[in-house]
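What follows is one structure encoded as structure tokens, with my remarks underneath.
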Amino acid sequence: MPIHNSRHHRKPRSLGGQTIPENISSVDIKKHQAWHTLFNNMEAPLICKMLNRIWIDPSYTFICVRKDEYEDGESISDLEMKYYFNLYKKRR
Ligand SMILES: [Zn+2]
């Protein structure tokens, strides 16, 4: 069972992330070290580009969208529903 004994700044301090509860995740220390080994303090869009370029099955794409840039205030679940609906239509 993992021990969540390390605190991760979701938005890195080096990029202006604050030490406030909303920006802190409690994580297993080995996973925390692995995260920073892979991604250092990169921002989410750059991590997505790297995952897509190097690690992800080329028939998929990893998408990163800023919450405040959703069209007309759509929620993640609205975007997911639209995505799966379009996927369903393509496969028919
Ligand atoms: Zn961290």
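To be explicit about the labels: the chains of the structure tokens are called A, B, and onward in the order shown, and within each one the residues are counted from 1, while ligands get numbers from 1 in the order they are shown.
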Determine, using only C-alpha atoms and all ligand atoms, which residues of chain A have any atom at most 9 Å from an atom of ligand 1, and tabulate each with its shortest atom pair and distance in Å to one decimal place, rows ordered by chain and then rising number, as a Markdown table.
```
| residue | atom | partner | partner_atom_place_in_ligand_line | distance |
| --- | --- | --- | --- | --- |
| A:Ser6 | CA | ligand 1 | 1 (Zn) | 8.2 |
| A:Arg7 | CA | ligand 1 | 1 (Zn) | 6.6 |
| A:His8 | CA | ligand 1 | 1 (Zn) | 3.7 |
| A:His9 | CA | ligand 1 | 1 (Zn) | 5.2 |
| A:Arg10 | CA | ligand 1 | 1 (Zn) | 7.0 |
| A:Lys11 | CA | ligand 1 | 1 (Zn) | 8.7 |
| A:Pro12 | CA | ligand 1 | 1 (Zn) | 7.0 |
| A:Ile24 | CA | ligand 1 | 1 (Zn) | 8.8 |
| A:Ser25 | CA | ligand 1 | 1 (Zn) | 8.5 |
| A:Val27 | CA | ligand 1 | 1 (Zn) | 8.8 |
| A:His32 | CA | ligand 1 | 1 (Zn) | 5.9 |
| A:Gln33 | CA | ligand 1 | 1 (Zn) | 7.5 |
| A:Trp35 | CA | ligand 1 | 1 (Zn) | 7.3 |
| A:His36 | CA | ligand 1 | 1 (Zn) | 6.4 |
| A:Asn40 | CA | ligand 1 | 1 (Zn) | 8.4 |
| A:Asn41 | CA | ligand 1 | 1 (Zn) | 7.7 |
```
Using only C-alpha atoms, which residues sit within 12 Å of segment 75-84 of chain A once same-chain residues fewer than 6 positions away are excluded, as a list of chain:residue names?
-> A:Ile63, A:Cys64, A:Val65, A:Arg66, A:Lys67, A:Asp68, A:Glu69, A:Lys90, A:Arg91
Taking the DSSP assignment computed from this structure's backbone, write out as an NGL selection string all residues of segment 37-79 of chain A that belong to helix (DSSP H, G or I).
-> :A and (37-39 or 44-55 or 67-69 or 71-73 or 76-79)
Contacts of Leu38 of chain A at 10 Å (only C-alpha atoms; same-chain gap of 4+ positions) as a compact mmCIF listing (two decimals) with C-alpha atoms, in the first residue's frame:
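part-v2.txt written:
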```
# COMPACT_ATOMS: atom_id res chain seq x y z
CA GLN A 33 10.65 11.38 -7.41
CA ALA A 34 9.70 9.51 -10.60
CA MET A 42 7.47 21.30 -16.81
CA ILE A 47 4.28 17.36 -20.59
CA MET A 50 6.45 15.09 -24.63
```
Gap from atom CA of Leu46 of chain A to atom CA of Glu22 of chain A - Å, one decimal =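 So the two atoms, atom CA of Leu46 of chain A and atom CA of Glu22 of chain A, lie 21.7 Å apart.
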Using only C-alpha atoms, determine which residues lie at most 9 Å from Cys48 of chain A, disregarding the query and same-chain residues fewer than 4 positions distant; provide the list as a short mmCIF file (atom, residue, chain, number, x, y, z; two decimals) with C-alpha atoms, in the first residue's frame.
```cif
data_model
loop_
_atom_site.label_atom_id
_atom_site.label_comp_id
_atom_site.auth_asym_id
_atom_site.auth_seq_id
_atom_site.Cartn_x
_atom_site.Cartn_y
_atom_site.Cartn_z
CA GLU A 43 4.04 22.80 -17.30
CA ALA A 44 1.15 20.54 -18.31
CA ASN A 52 2.61 12.41 -27.34
CA ARG A 53 6.00 12.61 -29.04
CA THR A 61 -3.25 11.94 -28.50
CA PHE A 62 -3.00 13.27 -24.97
CA ILE A 63 -4.84 16.58 -24.65
CA CYS A 64 -4.32 19.33 -22.11
#
```
List every residue of chain A that DSSP, applied to the backbone of this structure, assigns to strand (DSSP E or B), and report them as a list in words.
->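 The strand (DSSP E or B) subset of chain A is Ser6, Arg7, His8, His9, Ile24, Ser25, Ser26 and Val27 of chain A.
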